[in-house]
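To start, the structure under review is shown below, and the notes come after it.
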Amino acid sequence: MTDSSESSGTSEDKAGTASSVEPEPEAGTVTEPEPATAPATAAGPVPAAGSGIAPTAFLEVRDLQVHFPTDDGLVKSVDGLSFALEKGKTLGIVGESGSGKSVTSLAVMGLHRASRQQRSKVRMSGEIWLDGKELVGAEPDEVRRLRGREMAMIFQDPLSALHPYYTVGQQIVEAYRVHNDVDKKTARKRAVEMLDRVGIPQPDKRVDDHPHQFSGGMRQRAMIAMALVNNPELLIADEPTTALDVTVQAQILDLIRDLQKEFGSAVVIITHDLGVVAELADDLLVMYGGRCVERGPAERIFATPQHPYTWGLLGSMPRIDRDQTDRLIPVKGAPPSLINVPSGCAFHPRCPYADVPKDNLTRTVRPELGQVDGGHFSACHMAPQERERIWTEEIAPKL
Ligand SMILES: Nc1ncnc2c1ncn2[C@@H]1O[C@H](COP(=O)(O)OP(=O)(O)OP(=O)(O)O)[C@@H](O)[C@H]1O
Ligand code: SF4
Ligand SMILES: [Mg+2]
């Protein structure tokens, strides 16, 4: 087993090398229950891990589990997640803080097992198929070669992704040269081009600045430039607009959209704010407590959401055309512990409809993801007609 990443220093190196350690499925864990026999489409059923069915989508995540053993117990950050994404499409992953969004994206990038030390602290199982290659069990060098070139990530915190010691330009040059056999001058030209492309003023001068000389919005742009320098086919943007003011937010989202059009990449946008993905995403995946509670085409989820948690998220979206007092109160209570996940439906302690399904079902049996229609899935014990009624009569009029 090679492990060349541990002494790394640049941004690409900081991303590290994925592990060659075989996944260690936790005994007795439950896998994503979708009965998936058909090939995956962007919003359709996804075959189960171990099904042997060849992936058909550009990115297919099957029954992904990412667990962290800690002194307090096993943290089940991601616990049986499946989704598929085609090239040229955008998937929005939404959920509150701690629902497992970043852990999912780091898993796709192979970054949980980048070093020997990290490997000892994570248990991963399931399958991640990128362009026909399976990454959970892949050799670390193979995943590292894909990182940057085929897949790239805009990290939640630009300062943690940009090295303070190196100039912005040096870091983009390094990210480019890892995958392209070019001299430094050519790579620098490319870095300036990319900074220009993401809207950094005077890119030929700012290329020599250090990250701390950039504003928050400029750092975010620099990170986008670094992520896109190799025209990756998969771009994961983890909260790309957090902490930016509204104008810059809109510019960054436009930029991602333009670049996607230009390169035809598959894009995953991760956010706690449904508003961010309302216009951008083709499909949505709503996460709660490390699991998917609803997923499907974005327009269908916005039109007829089928899970009480999604209703709560919609109620939290700011609306300028409504007085806040008329509106639904956003989801009450705190996100669940991922060590002692509530029994049955993990959302039941916060769900206003927990008593609607009979026989205490919501507290005893975990709801499986069931198909609502087309590619729309929801994990809730309420009968579809009941959900439809509540949505139409009680929720939609208050949003
Ligand atoms: N290395 C780790 N060891 C133990 N627990 C971890 C580790 N990494 C993440 N977690 C836990 O996993 C859970 C999910 O974390 P994650 O960062 O994916 O949340 P998130 O949905 O991205 O939240 P946010 O919106 O705040 O970014 C959290 O409870 C977090 O504390
Ligand atoms: S299964 Fe029960 S607790 Fe969970 S979302 Fe549906 S109604 Fe609410
Ligand atoms: Mg996060």
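Residue numbers start at 1 in each chain; chains themselves are named A, B, ... in the order of the structure tokens; ligands are numbered from 1 in the order shown.
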
Could you list, as number ranges by chain, all protein and nucleic acid residues with an atom at most 6 Å from ligand 2, counting only C-alpha atoms and all ligand atoms? A: 307-308, 345, 347-348, 351, 353-354, 362, 367, 380-382

Enumerate residues in contact with ligand 1: an atom-to-atom distance of at most 6 Å, counting only C-alpha atoms and all ligand atoms. Format the result as number ranges by chain. A: 68, 75, 77, 96-103, 272

Stretch 282-289 of chain A: which residues within 6 Å, counting only C-alpha atoms, same-chain residues fewer than 2 positions away excluded, as number ranges by chain? A: 90-95, 99, 291-298

I need the alpha helix (DSSP H) residues of stretch 136-279 of chain A per DSSP on the backbone, written as a PyMOL selection string. chain A and resi 140-146+158-161+168-179+184-197+203-206+216-228+246-263+274-278

Check the smallest atom-to-atom distance from each of A:Leu338, A:Glu127, A:Gly137, A:Gly132 to A:Gly73 using only C-alpha atoms, then report the winner.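 That would be A:Leu338, the residue with the smallest distance to A:Gly73.
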
Determine, for each residue of stretch 229-336 of chain A having at least one atom at most 7 Å from an atom of stretch 139-163 of chain A, the closest pair of atoms and their separation in Å to one decimal, counting only C-alpha atoms; order by chain and ascending number, as a Markdown table.
```
| residue | atom | partner | partner_atom | distance |
| --- | --- | --- | --- | --- |
| A:Asn230 | CA | A:Arg149 | CA | 5.3 |
| A:Asn231 | CA | A:Arg149 | CA | 6.9 |
| A:Pro232 | CA | A:Glu150 | CA | 4.5 |
| A:Glu233 | CA | A:Glu150 | CA | 5.1 |
| A:Leu234 | CA | A:Met151 | CA | 4.5 |
| A:Leu235 | CA | A:Ala152 | CA | 5.1 |
| A:Ile236 | CA | A:Met153 | CA | 4.6 |
| A:Ala237 | CA | A:Ile154 | CA | 4.6 |
| A:Asp238 | CA | A:Gln156 | CA | 4.9 |
| A:Glu239 | CA | A:Gln156 | CA | 5.3 |
| A:Pro240 | CA | A:Gln156 | CA | 6.3 |
```

Saved selection, atoms kept: C-alpha atoms, as a tab-separated table (two decimals), in the first residue's frame:
```tsv
chain	number	residue	atom	x	y	z
A	230	ASN	CA	-8.35	21.07	-15.29
A	231	ASN	CA	-11.93	21.23	-16.60
A	232	PRO	CA	-13.18	18.51	-14.22
A	233	GLU	CA	-16.12	16.42	-15.33
A	234	LEU	CA	-17.53	16.37	-11.81
A	235	LEU	CA	-17.56	19.51	-9.68
A	236	ILE	CA	-18.70	19.38	-6.06
A	237	ALA	CA	-19.42	22.80	-4.57
A	238	ASP	CA	-19.83	22.56	-0.80
A	239	GLU	CA	-21.70	25.65	0.43
A	240	PRO	CA	-20.02	27.75	-2.26
```

Please, which residues of stretch 55-108 of chain A, numbered as in this document, come out strand (DSSP E) from DSSP, as a PyMOL selection string? chain A and resi 59-70+73-85+90-94

The selected residues should be written to file as an mmCIF file, in the first residue's frame (atoms: N, CA and C atoms).
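Below is the file that was written, selection_16.cif:
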```
data_model
loop_
_atom_site.group_PDB
_atom_site.id
_atom_site.type_symbol
_atom_site.label_atom_id
_atom_site.label_comp_id
_atom_site.auth_asym_id
_atom_site.auth_seq_id
_atom_site.Cartn_x
_atom_site.Cartn_y
_atom_site.Cartn_z
ATOM 1 N N LEU A 59 -22.106 9.561 -12.334
ATOM 2 C CA LEU A 59 -21.779 9.338 -10.912
ATOM 3 C C LEU A 59 -22.902 8.519 -10.293
ATOM 4 N N GLU A 60 -22.542 7.401 -9.687
ATOM 5 C CA GLU A 60 -23.543 6.621 -8.964
ATOM 6 C C GLU A 60 -23.019 6.289 -7.585
ATOM 7 N N VAL A 61 -23.753 6.714 -6.589
ATOM 8 C CA VAL A 61 -23.387 6.419 -5.199
ATOM 9 C C VAL A 61 -24.403 5.400 -4.706
ATOM 10 N N ARG A 62 -23.907 4.262 -4.212
ATOM 11 C CA ARG A 62 -24.803 3.175 -3.809
ATOM 12 C C ARG A 62 -24.559 2.780 -2.362
ATOM 13 N N ASP A 63 -25.590 2.908 -1.552
ATOM 14 C CA ASP A 63 -25.546 2.442 -0.156
ATOM 15 C C ASP A 63 -24.315 2.966 0.590
ATOM 16 N N LEU A 64 -23.963 4.198 0.368
ATOM 17 C CA LEU A 64 -22.750 4.734 1.004
ATOM 18 C C LEU A 64 -22.923 4.862 2.517
ATOM 19 N N GLN A 65 -21.962 4.329 3.236
ATOM 20 C CA GLN A 65 -21.934 4.510 4.683
ATOM 21 C C GLN A 65 -20.564 5.074 5.066
ATOM 22 N N VAL A 66 -20.582 6.138 5.836
ATOM 23 C CA VAL A 66 -19.325 6.694 6.366
ATOM 24 C C VAL A 66 -19.530 6.851 7.860
ATOM 25 N N HIS A 67 -18.851 6.021 8.626
ATOM 26 C CA HIS A 67 -18.988 6.020 10.085
ATOM 27 C C HIS A 67 -17.636 6.340 10.723
ATOM 28 N N PHE A 68 -17.701 7.097 11.822
ATOM 29 C CA PHE A 68 -16.464 7.441 12.531
ATOM 30 C C PHE A 68 -16.513 6.891 13.954
ATOM 31 N N PRO A 69 -15.646 5.940 14.288
ATOM 32 C CA PRO A 69 -15.593 5.497 15.687
ATOM 33 C C PRO A 69 -14.973 6.604 16.539
ATOM 34 N N THR A 70 -15.655 6.995 17.616
ATOM 35 C CA THR A 70 -15.110 8.022 18.514
ATOM 36 C C THR A 70 -15.227 7.510 19.952
ATOM 37 N N GLY A 73 -18.753 7.012 20.924
ATOM 38 C CA GLY A 73 -19.531 6.009 20.206
ATOM 39 C C GLY A 73 -19.334 6.162 18.705
ATOM 40 N N LEU A 74 -20.039 5.349 17.951
ATOM 41 C CA LEU A 74 -19.896 5.365 16.498
ATOM 42 C C LEU A 74 -20.766 6.470 15.902
ATOM 43 N N VAL A 75 -20.119 7.425 15.203
ATOM 44 C CA VAL A 75 -20.863 8.509 14.573
ATOM 45 C C VAL A 75 -21.249 8.056 13.161
ATOM 46 N N LYS A 76 -22.553 7.890 12.956
ATOM 47 C CA LYS A 76 -23.012 7.421 11.635
ATOM 48 C C LYS A 76 -23.331 8.636 10.765
ATOM 49 N N SER A 77 -22.288 9.256 10.257
ATOM 50 C CA SER A 77 -22.460 10.526 9.533
ATOM 51 C C SER A 77 -23.230 10.345 8.231
ATOM 52 N N VAL A 78 -22.939 9.279 7.531
ATOM 53 C CA VAL A 78 -23.697 8.937 6.326
ATOM 54 C C VAL A 78 -24.067 7.474 6.480
ATOM 55 N N ASP A 79 -25.355 7.172 6.317
ATOM 56 C CA ASP A 79 -25.790 5.837 6.717
ATOM 57 C C ASP A 79 -26.710 5.200 5.674
ATOM 58 N N GLY A 80 -26.145 4.923 4.504
ATOM 59 C CA GLY A 80 -26.929 4.253 3.466
ATOM 60 C C GLY A 80 -27.502 5.244 2.482
ATOM 61 N N LEU A 81 -26.607 5.915 1.771
ATOM 62 C CA LEU A 81 -27.054 6.974 0.848
ATOM 63 C C LEU A 81 -26.838 6.521 -0.596
ATOM 64 N N SER A 82 -27.854 6.713 -1.440
ATOM 65 C CA SER A 82 -27.731 6.373 -2.858
ATOM 66 C C SER A 82 -28.232 7.526 -3.712
ATOM 67 N N PHE A 83 -27.516 7.809 -4.774
ATOM 68 C CA PHE A 83 -28.015 8.764 -5.768
ATOM 69 C C PHE A 83 -27.204 8.618 -7.049
ATOM 70 N N ALA A 84 -27.740 9.193 -8.112
ATOM 71 C CA ALA A 84 -27.047 9.136 -9.400
ATOM 72 C C ALA A 84 -27.091 10.516 -10.032
ATOM 73 N N LEU A 85 -26.096 10.794 -10.848
ATOM 74 C CA LEU A 85 -26.020 12.106 -11.493
ATOM 75 C C LEU A 85 -25.412 11.958 -12.885
ATOM 76 N N THR A 90 -27.191 19.140 -12.652
ATOM 77 C CA THR A 90 -26.824 19.629 -11.318
ATOM 78 C C THR A 90 -27.718 18.988 -10.272
ATOM 79 N N LEU A 91 -27.074 18.433 -9.257
ATOM 80 C CA LEU A 91 -27.805 17.860 -8.124
ATOM 81 C C LEU A 91 -27.601 18.770 -6.915
ATOM 82 N N GLY A 92 -28.685 19.161 -6.290
ATOM 83 C CA GLY A 92 -28.570 19.932 -5.050
ATOM 84 C C GLY A 92 -28.741 18.999 -3.861
ATOM 85 N N ILE A 93 -27.785 19.011 -2.930
ATOM 86 C CA ILE A 93 -27.943 18.231 -1.695
ATOM 87 C C ILE A 93 -28.215 19.230 -0.578
ATOM 88 N N VAL A 94 -29.385 19.107 0.057
ATOM 89 C CA VAL A 94 -29.764 20.079 1.086
ATOM 90 C C VAL A 94 -30.046 19.374 2.403
#
```
